[in-house]
file run-v4.csv (CSV, C-alpha atoms)
chain,number,residue,atom,x,y,z
A,860,MET,CA,198.6,39.6,62.5
A,861,GLN,CA,198.0,36.3,64.2
A,862,GLN,CA,201.1,34.2,64.8
A,863,SER,CA,201.5,30.9,63.1
A,864,ALA,CA,201.7,27.8,65.2
A,865,SER,CA,205.3,27.3,64.3
A,866,SER,CA,206.3,30.7,65.5
A,867,ARG,CA,204.7,30.5,68.9
A,868,PRO,CA,207.4,28.4,70.6
A,869,LEU,CA,210.2,30.6,69.1
A,870,VAL,CA,208.4,33.7,70.5
A,871,GLY,CA,208.0,31.9,73.8
A,872,VAL,CA,211.8,31.1,73.9
A,873,ALA,CA,212.6,34.7,73.1
A,874,LEU,CA,210.4,35.9,75.9
A,875,VAL,CA,212.0,33.6,78.4
A,876,ILE,CA,215.5,34.8,77.3
A,877,GLY,CA,214.3,38.4,77.8
A,878,SER,CA,213.1,37.6,81.3
A,879,CYS,CA,216.4,35.8,82.1
A,880,LEU,CA,218.3,38.9,81.0
A,881,SER,CA,216.2,41.4,82.9
A,882,LEU,CA,215.8,39.6,86.3
A,883,PRO,CA,219.4,39.2,87.4
A,884,PHE,CA,220.4,42.8,86.5
A,885,GLY,CA,217.4,44.0,88.5
A,886,ALA,CA,218.6,41.8,91.4
A,887,ALA,CA,222.0,43.3,91.1
A,888,VAL,CA,220.6,46.8,91.3
A,889,ALA,CA,218.4,45.7,94.3
A,890,ALA,CA,221.5,44.5,96.2
A,891,GLN,CA,222.8,48.0,96.3
A,892,LEU,CA,219.7,49.0,98.3
A,893,PHE,CA,220.1,46.3,100.9
A,894,PRO,CA,222.4,48.3,103.2
A,895,VAL,CA,219.7,51.1,103.5
A,896,LEU,CA,216.4,49.2,103.2
A,897,GLY,CA,217.3,45.6,104.0
A,898,PRO,CA,216.2,42.7,101.7
A,899,TRP,CA,212.6,42.6,102.9
A,900,GLY,CA,212.2,46.4,102.5
A,901,VAL,CA,213.6,46.3,99.0
A,902,THR,CA,211.2,43.5,98.1
A,903,SER,CA,208.2,45.4,99.3
A,904,MET,CA,209.2,48.6,97.5
A,905,ARG,CA,209.9,46.7,94.3
A,906,VAL,CA,206.6,44.9,94.3
A,907,ALA,CA,204.6,48.0,95.3
A,908,ILE,CA,206.1,50.1,92.5
A,909,ALA,CA,205.7,47.4,89.9
A,910,ALA,CA,202.0,46.9,91.0
A,911,LEU,CA,201.4,50.7,90.6
A,912,LEU,CA,203.0,50.8,87.2
A,913,LEU,CA,201.1,47.8,85.9
A,914,VAL,CA,197.7,48.9,87.3
A,915,VAL,CA,198.2,52.3,85.5
A,916,ILE,CA,199.3,50.7,82.3
A,917,VAL,CA,197.0,47.7,82.1
A,918,ARG,CA,193.9,49.1,83.9
A,919,PRO,CA,192.5,45.7,85.0
A,920,ARG,CA,188.8,45.2,85.7
A,921,PRO,CA,188.6,42.7,88.5
A,922,ARG,CA,185.0,43.5,89.3
A,923,ARG,CA,184.0,41.3,86.4
A,924,TRP,CA,186.2,38.4,87.5
A,925,THR,CA,184.8,35.0,88.6
A,926,ARG,CA,185.7,33.3,91.9
A,927,SER,CA,188.2,31.0,90.1
A,928,GLN,CA,189.9,34.0,88.5
A,929,TRP,CA,190.2,35.8,91.8
A,930,THR,CA,191.6,32.6,93.5
A,931,ALA,CA,194.2,32.3,90.8
A,932,ALA,CA,195.2,35.9,91.1
A,933,VAL,CA,195.5,35.8,94.9
A,934,LEU,CA,197.6,32.6,94.9
A,935,PHE,CA,199.7,34.1,92.2
A,936,GLY,CA,200.3,37.2,94.3
A,937,PHE,CA,201.2,35.1,97.4
A,938,SER,CA,203.8,33.1,95.4
A,939,LEU,CA,205.3,36.3,94.1
A,940,ALA,CA,205.6,37.9,97.5
A,941,ALA,CA,207.1,34.8,99.1
A,942,MET,CA,209.5,33.9,96.3
A,943,ASN,CA,210.9,37.4,96.0
A,944,ALA,CA,211.2,38.0,99.7
A,945,PHE,CA,213.1,34.9,100.5
A,946,PHE,CA,215.3,35.3,97.4
A,947,TYR,CA,216.3,38.8,98.3
A,948,ALA,CA,217.0,37.6,101.9
A,949,ALA,CA,219.3,35.0,100.3
A,950,ILE,CA,221.3,37.3,98.0
A,951,ASP,CA,221.9,39.5,101.0
A,952,ARG,CA,224.1,36.6,102.3
A,953,ILE,CA,225.4,34.7,99.3
A,954,PRO,CA,226.6,35.8,95.8
A,955,LEU,CA,224.0,36.3,93.1
A,956,GLY,CA,225.1,33.6,90.6
A,957,PRO,CA,225.1,30.7,93.1
A,958,ALA,CA,221.8,32.0,94.6
A,959,VAL,CA,220.0,31.9,91.2
A,960,ALA,CA,221.5,28.5,90.4
A,961,ILE,CA,220.3,27.0,93.7
A,962,GLU,CA,216.9,28.6,93.3
A,963,PHE,CA,216.7,27.1,89.9
A,964,LEU,CA,216.3,23.7,91.6
A,965,GLY,CA,212.6,24.6,91.8
A,966,PRO,CA,211.9,24.8,88.0
A,967,LEU,CA,214.2,21.8,87.5
A,968,VAL,CA,212.2,19.6,89.8
A,969,LEU,CA,209.0,20.8,88.1
A,970,ALA,CA,210.4,20.1,84.7
A,971,ALA,CA,211.5,16.6,85.8
A,972,ILE,CA,208.1,15.8,87.2
A,973,LEU,CA,206.2,17.0,84.1
A,974,THR,CA,208.4,15.7,81.4
A,975,ARG,CA,207.4,12.7,79.3
A,976,ARG,CA,210.1,12.7,76.7
A,977,LEU,CA,213.5,11.0,77.3
A,978,ALA,CA,215.3,13.9,75.6
A,979,ASP,CA,213.8,16.4,78.0
A,980,ALA,CA,214.7,14.2,81.0
A,981,ALA,CA,218.3,14.1,79.6
A,982,TRP,CA,218.5,17.9,79.4
A,983,VAL,CA,217.1,18.2,82.9
A,984,GLY,CA,219.9,15.9,84.0
A,985,VAL,CA,222.6,18.0,82.3
A,986,ALA,CA,221.2,21.1,84.0
A,987,LEU,CA,221.2,19.3,87.4
A,988,VAL,CA,224.9,18.4,86.9
A,989,GLY,CA,225.5,22.2,86.4
A,990,MET,CA,223.7,22.9,89.6
A,991,ALA,CA,225.7,20.3,91.4
A,992,LEU,CA,229.0,21.9,90.2
A,993,LEU,CA,227.8,25.3,91.4
A,994,ALA,CA,227.0,23.8,94.8
A,995,VAL,CA,230.5,22.3,95.0
A,996,ASP,CA,232.0,25.6,94.0
A,997,GLY,CA,230.1,27.3,96.7
A,998,LEU,CA,231.2,24.8,99.4
A,999,VAL,CA,234.9,24.4,98.5
A,1000,GLY,CA,235.6,27.6,96.6
A,1001,ALA,CA,237.2,30.8,97.9
A,1002,GLU,CA,233.7,32.1,99.0
A,1003,PRO,CA,231.9,29.4,101.0
A,1004,LEU,CA,228.1,29.9,101.0
A,1005,ASP,CA,226.3,31.1,104.1
A,1006,PRO,CA,224.1,28.2,105.4
A,1007,LEU,CA,221.2,30.6,106.3
A,1008,GLY,CA,221.4,32.2,102.8
A,1009,VAL,CA,221.2,28.7,101.2
A,1010,LEU,CA,218.2,27.9,103.3
A,1011,PHE,CA,216.5,31.1,102.3
A,1012,VAL,CA,217.1,30.4,98.6
A,1013,LEU,CA,215.8,26.8,98.9
A,1014,VAL,CA,212.6,28.2,100.3
A,1015,ALA,CA,212.4,30.6,97.4
A,1016,ALA,CA,212.9,27.6,95.0
A,1017,GLY,CA,209.8,26.0,96.4
A,1018,PHE,CA,207.8,29.1,95.9
A,1019,TRP,CA,209.2,29.4,92.4
A,1020,ILE,CA,207.5,26.1,91.6
A,1021,MET,CA,204.2,27.6,92.9
A,1022,TYR,CA,204.9,30.8,90.8
A,1023,ILE,CA,205.2,28.8,87.6
A,1024,ARG,CA,202.1,26.8,88.2
A,1025,MET,CA,200.0,29.8,89.2
A,1026,SER,CA,201.4,32.0,86.4
A,1027,ALA,CA,200.3,29.4,83.9
A,1028,ARG,CA,196.9,29.3,85.6
A,1029,VAL,CA,196.5,33.1,85.6
A,1030,GLY,CA,197.5,33.2,81.9
A,1031,ALA,CA,194.9,30.6,81.1
A,1032,VAL,CA,191.9,32.1,83.0
A,1033,ILE,CA,192.5,35.8,82.9
A,1034,PRO,CA,193.0,37.6,79.5
A,1035,GLY,CA,195.8,40.0,78.9
A,1036,SER,CA,198.0,41.2,81.8
A,1037,GLY,CA,195.2,42.0,84.3
A,1038,GLY,CA,196.0,38.9,86.3
A,1039,LEU,CA,199.7,39.9,86.6
A,1040,ALA,CA,198.7,43.5,87.7
A,1041,MET,CA,196.3,42.3,90.4
A,1042,GLY,CA,198.8,39.5,91.5
A,1043,LEU,CA,201.4,42.2,92.2
A,1044,VAL,CA,198.8,44.3,94.1
A,1045,VAL,CA,198.1,41.2,96.3
A,1046,ALA,CA,201.8,40.7,96.8
A,1047,ALA,CA,202.2,44.4,97.7
A,1048,VAL,CA,199.4,44.2,100.3
A,1049,LEU,CA,201.0,41.1,101.9
A,1050,LEU,CA,204.3,42.9,102.2
A,1051,ILE,CA,202.9,46.1,103.8
A,1052,PRO,CA,204.1,45.2,107.3
A,1053,VAL,CA,207.8,45.3,106.1
A,1054,GLY,CA,207.1,47.9,103.5
A,1055,VAL,CA,206.0,50.9,105.5
A,1056,PRO,CA,209.5,51.7,107.0
A,1057,ALA,CA,211.1,51.3,103.6
A,1058,ALA,CA,208.6,53.6,102.0
A,1059,VAL,CA,209.2,56.3,104.5
A,1060,THR,CA,213.0,56.1,103.9
A,1061,VAL,CA,212.6,56.1,100.1
A,1062,ALA,CA,210.2,59.0,100.1
A,1063,GLY,CA,212.9,61.3,101.5
A,1064,ASP,CA,215.6,60.3,99.0
A,1065,VAL,CA,215.2,60.7,95.2
A,1066,ASN,CA,218.2,58.6,94.4
A,1067,LEU,CA,216.8,55.7,96.5
A,1068,LEU,CA,213.4,56.1,94.8
A,1069,LEU,CA,215.0,55.9,91.3
A,1070,LEU,CA,216.9,52.8,92.2
A,1071,ALA,CA,213.8,51.2,93.6
A,1072,ALA,CA,211.8,52.1,90.5
A,1073,LEU,CA,214.6,50.6,88.3
A,1074,THR,CA,214.6,47.5,90.4
A,1075,ALA,CA,210.8,47.2,90.0
A,1076,VAL,CA,211.0,47.5,86.2
A,1077,LEU,CA,213.9,45.1,85.7
A,1078,SER,CA,212.9,42.6,88.3
A,1079,SER,CA,209.1,42.6,88.1
A,1080,VAL,CA,207.4,44.5,85.3
A,1081,ILE,CA,209.5,43.2,82.4
A,1082,PRO,CA,210.3,39.6,83.4
A,1083,TYR,CA,206.9,38.7,84.8
A,1084,SER,CA,205.1,40.2,81.7
A,1085,PHE,CA,207.4,38.2,79.5
A,1086,GLU,CA,207.0,35.0,81.5
A,1087,LEU,CA,203.2,35.2,81.6
A,1088,ALA,CA,203.3,35.6,77.8
A,1089,ALA,CA,205.8,32.8,77.4
A,1090,LEU,CA,203.7,30.3,79.4
A,1091,ARG,CA,200.9,30.9,76.9
A,1092,ARG,CA,203.2,29.6,74.2
A,1093,LEU,CA,205.3,26.9,75.9
A,1094,PRO,CA,204.7,23.8,78.0
A,1095,GLN,CA,205.6,24.3,81.7
A,1096,ARG,CA,208.3,21.6,81.5
A,1097,VAL,CA,210.0,23.4,78.6
A,1098,PHE,CA,209.6,26.8,80.3
A,1099,GLY,CA,211.2,25.3,83.5
A,1100,VAL,CA,214.3,24.1,81.7
A,1101,LEU,CA,214.7,27.3,79.6
A,1102,LEU,CA,215.0,29.2,82.8
A,1103,SER,CA,218.3,27.5,83.3
A,1104,LEU,CA,219.8,30.4,81.3
A,1105,GLU,CA,219.2,32.6,84.3
A,1106,PRO,CA,222.2,31.5,86.3
A,1107,ALA,CA,224.4,32.5,83.4
A,1108,PHE,CA,223.0,36.0,83.3
A,1109,ALA,CA,223.1,36.2,87.1
A,1110,THR,CA,226.8,35.4,87.1
A,1111,LEU,CA,227.3,38.0,84.4
A,1112,ALA,CA,225.3,40.6,86.3
A,1113,GLY,CA,227.1,39.8,89.6
A,1114,TRP,CA,230.4,40.3,87.9
A,1115,LEU,CA,229.5,43.5,86.0
A,1116,VAL,CA,227.4,45.3,88.6
A,1117,LEU,CA,228.6,43.9,91.9
A,1118,GLY,CA,232.1,42.9,91.1
A,1119,GLN,CA,231.5,39.3,92.2
A,1120,SER,CA,234.1,36.8,90.9
A,1121,ALA,CA,233.4,33.8,88.6
A,1122,THR,CA,235.6,30.8,89.1
A,1123,PRO,CA,236.4,28.3,86.3
A,1124,LEU,CA,234.2,25.7,88.0
A,1125,ARG,CA,231.3,28.2,88.2
A,1126,MET,CA,231.7,29.0,84.5
A,1127,LEU,CA,231.7,25.3,83.6
A,1128,ALA,CA,228.5,24.9,85.6
A,1129,VAL,CA,226.9,27.9,83.8
A,1130,ALA,CA,227.9,26.4,80.4
A,1131,LEU,CA,226.1,23.2,81.3
A,1132,VAL,CA,222.9,24.9,82.2
A,1133,VAL,CA,223.0,27.0,79.0
A,1134,LEU,CA,223.6,23.8,77.0
A,1135,ALA,CA,220.5,22.2,78.6
A,1136,SER,CA,218.5,25.3,77.7
A,1137,VAL,CA,219.7,25.3,74.0
A,1138,GLY,CA,219.1,21.5,73.8
A,1139,THR,CA,215.5,21.9,75.0
A,1140,THR,CA,214.8,24.7,72.6
A,1141,LEU,CA,216.0,22.7,69.6
A,1142,GLY,CA,213.9,19.8,70.8
A,1143,VAL,CA,210.8,21.9,70.9
A,1144,ARG,CA,211.4,23.1,67.4
A,1145,ARG,CA,211.9,19.6,66.0
A,1146,GLN,CA,208.8,18.3,67.8
A,1147,ARG,CA,206.7,21.1,66.5
A,1148,ARG,CA,207.9,20.4,62.9
A,1149,ARG,CA,207.1,16.7,63.3
A,1150,ASP,CA,203.7,17.5,64.5
A,1151,GLU,CA,203.0,19.9,61.6
A,1152,ASP,CA,204.5,17.5,58.9
A,1153,GLY,CA,202.9,14.3,60.3
A,1154,PRO,CA,199.9,12.6,58.6
A,1155,PHE,CA,196.4,13.8,59.5
A,1156,THR,CA,194.7,11.6,62.0
A,1157,ALA,CA,191.0,11.9,62.6
A,1158,PRO,CA,190.2,12.7,66.2
A,1159,ILE,CA,188.8,9.9,68.3
A,1160,PRO,CA,185.2,10.8,69.4
A,1161,LEU,CA,184.8,11.2,73.2
A,1162,PRO,CA,181.9,9.5,75.0
A,1163,ASP,CA,179.0,11.8,75.9
call {"tool": "encode", "arguments": {"input": "run-v4.csv", "output": "structure tokens"}}
result
Amino acid sequence: MQQSASSRPLVGVALVIGSCLSLPFGAAVAAQLFPVLGPWGVTSMRVAIAALLLVVIVRPRPRRWTRSQWTAAVLFGFSLAAMNAFFYAAIDRIPLGPAVAIEFLGPLVLAAILTRRLADAAWVGVALVGMALLAVDGLVGAEPLDPLGVLFVLVAAGFWIMYIRMSARVGAVIPGSGGLAMGLVVAAVLLIPVGVPAAVTVAGDVNLLLLAALTAVLSSVIPYSFELAALRRLPQRVFGVLLSLEPAFATLAGWLVLGQSATPLRMLAVALVVLASVGTTLGVRRQRRRDEDGPFTAPIPLPD
């Protein structure tokens, strides 16, 4: 059954929430592999396993793709490899919650650039205040943030902007999940130099292989599939602000899986970014209803 226009944003919001739930728990599992494989090795194994799973499930047919489709898939894969590698290098040095919050500066900057509504800009501002509080907590709290870890996560934030843009492009020019599958293949190929030693280590230990596979499913297969589908239903600016839910789930995952503490200031910051996400979601629903209930206006003919 085809979805109605009014249901599309709500489905998109649900998909983003599903992604935000899955990603940080996958990162928490991945952090347990760092002592053995290192962050770059974990990244390569996660991407390679995810690529293999999606190629088997989706069975893409890239031979029929045009040059523009291939370009989109390759750039998408590059953004995936760089974003994940630098983020894992960051959470090897700083706690998961602050790392995700700092990385979220990427989507926030994108949302601020793309927004044209005052209400959207206000919610971006609320989320930025939350990010600032997290930064203060990281600097003056009981656990000061490692400067190199902060640098790594800022680089990851820049590639996150590229990921959002290219994910939207892939979703527009390549039907289904074939673009995602081939993007992960490209990312896996780019990470081969750091992936070979990790693959040798994992091949000799079933427990490590299972943890790597769980990381791939939680951190790549589920969230990237959901986000690709969400970007077909939501504007990029709305998608970017909705991702502000992720620091909340990252803080929760860090506490439950890794035993990382959550200070009152950090919880206040998380509450602000969640508030921004809820406000944006409600704004999308109201705007959609106004568009549907508004008077019919004949389209203006375009010049030939």
call {"tool": "residues_around", "arguments": {"input": "run-v4.csv", "residues": "Gly1035 of chain A", "least_positions_apart": "5", "cutoff": "9 Å", "atoms": "only C-alpha atoms", "output": "list in words"}}
result
Val917, Pro919, Gly1030 and Ala1088 of chain A
call {"tool": "closest_residue", "arguments": {"input": "run-v4.csv", "among": "A:Gly984, A:Gly965, A:Pro1052, A:Pro1094", "to": "Val872 of chain A", "atoms": "only C-alpha atoms"}}
result
A:Pro1094
call {"tool": "closest_residue", "arguments": {"input": "run-v4.csv", "among": "A:Leu973, A:Ala941, A:Ile953, A:Met904", "to": "Tyr1022 of chain A", "atoms": "all atoms listed in the file"}}
result
A:Ala941
call {"tool": "closest_residue", "arguments": {"input": "run-v4.csv", "among": "A:Ala944, A:Ala1128, A:Ala1062, A:Ala1031", "to": "Gln928 of chain A", "atoms": "only C-alpha atoms"}}
result
A:Ala1031
call {"tool": "residues_around", "arguments": {"input": "run-v4.csv", "residues": "Trp929 of chain A", "least_positions_apart": "4", "cutoff": "12 Å", "atoms": "all atoms listed in the file", "output": "list in words"}}
result
Arg920, Pro921, Arg922, Arg923, Trp924, Thr925, Val933, Leu934, Phe935, Gly936, Met1025, Arg1028, Val1029, Val1032, Ile1033, Gly1037, Gly1038, Leu1039, Met1041, Gly1042 and Val1045 of chain A
call {"tool": "atom_distance", "arguments": {"input": "run-v4.csv", "atom1": "atom CA of Phe937 of chain A", "atom2": "atom CA of Leu1010 of chain A"}}
result
19.4 Å
call {"tool": "atom_distance", "arguments": {"input": "run-v4.csv", "atom1": "atom CA of Ser1079 of chain A", "atom2": "atom CA of Arg905 of chain A"}}
result
7.5 Å
call {"tool": "atom_distance", "arguments": {"input": "run-v4.csv", "atom1": "atom CA of Phe1098 of chain A", "atom2": "atom CA of Ala958 of chain A"}}
result
19.5 Å
call {"tool": "closest_residue", "arguments": {"input": "run-v4.csv", "among": "A:Val1076, A:Leu1004, A:Val1044, A:Ala980", "to": "Gly956 of chain A", "atoms": "all atoms listed in the file"}}
result
A:Leu1004
call {"tool": "closest_residue", "arguments": {"input": "run-v4.csv", "among": "A:Leu1131, A:Ile908, A:Leu880, A:Ala890", "to": "Ala1058 of chain A", "atoms": "only C-alpha atoms"}}
result
A:Ile908
call {"tool": "residues_around", "arguments": {"input": "run-v4.csv", "residues": "Tyr1083 of chain A", "least_positions_apart": "4", "cutoff": "10 Å", "atoms": "all atoms listed in the file", "output": "list in words"}}
result
Leu874, Val875, Ser878, Ser881, Leu882, Leu939, Ser1026, Ser1036, Leu1039, Ala1040, Leu1043, Val1076, Leu1077, Ser1078, Ser1079, Leu1087, Ala1088 and Ala1089 of chain A
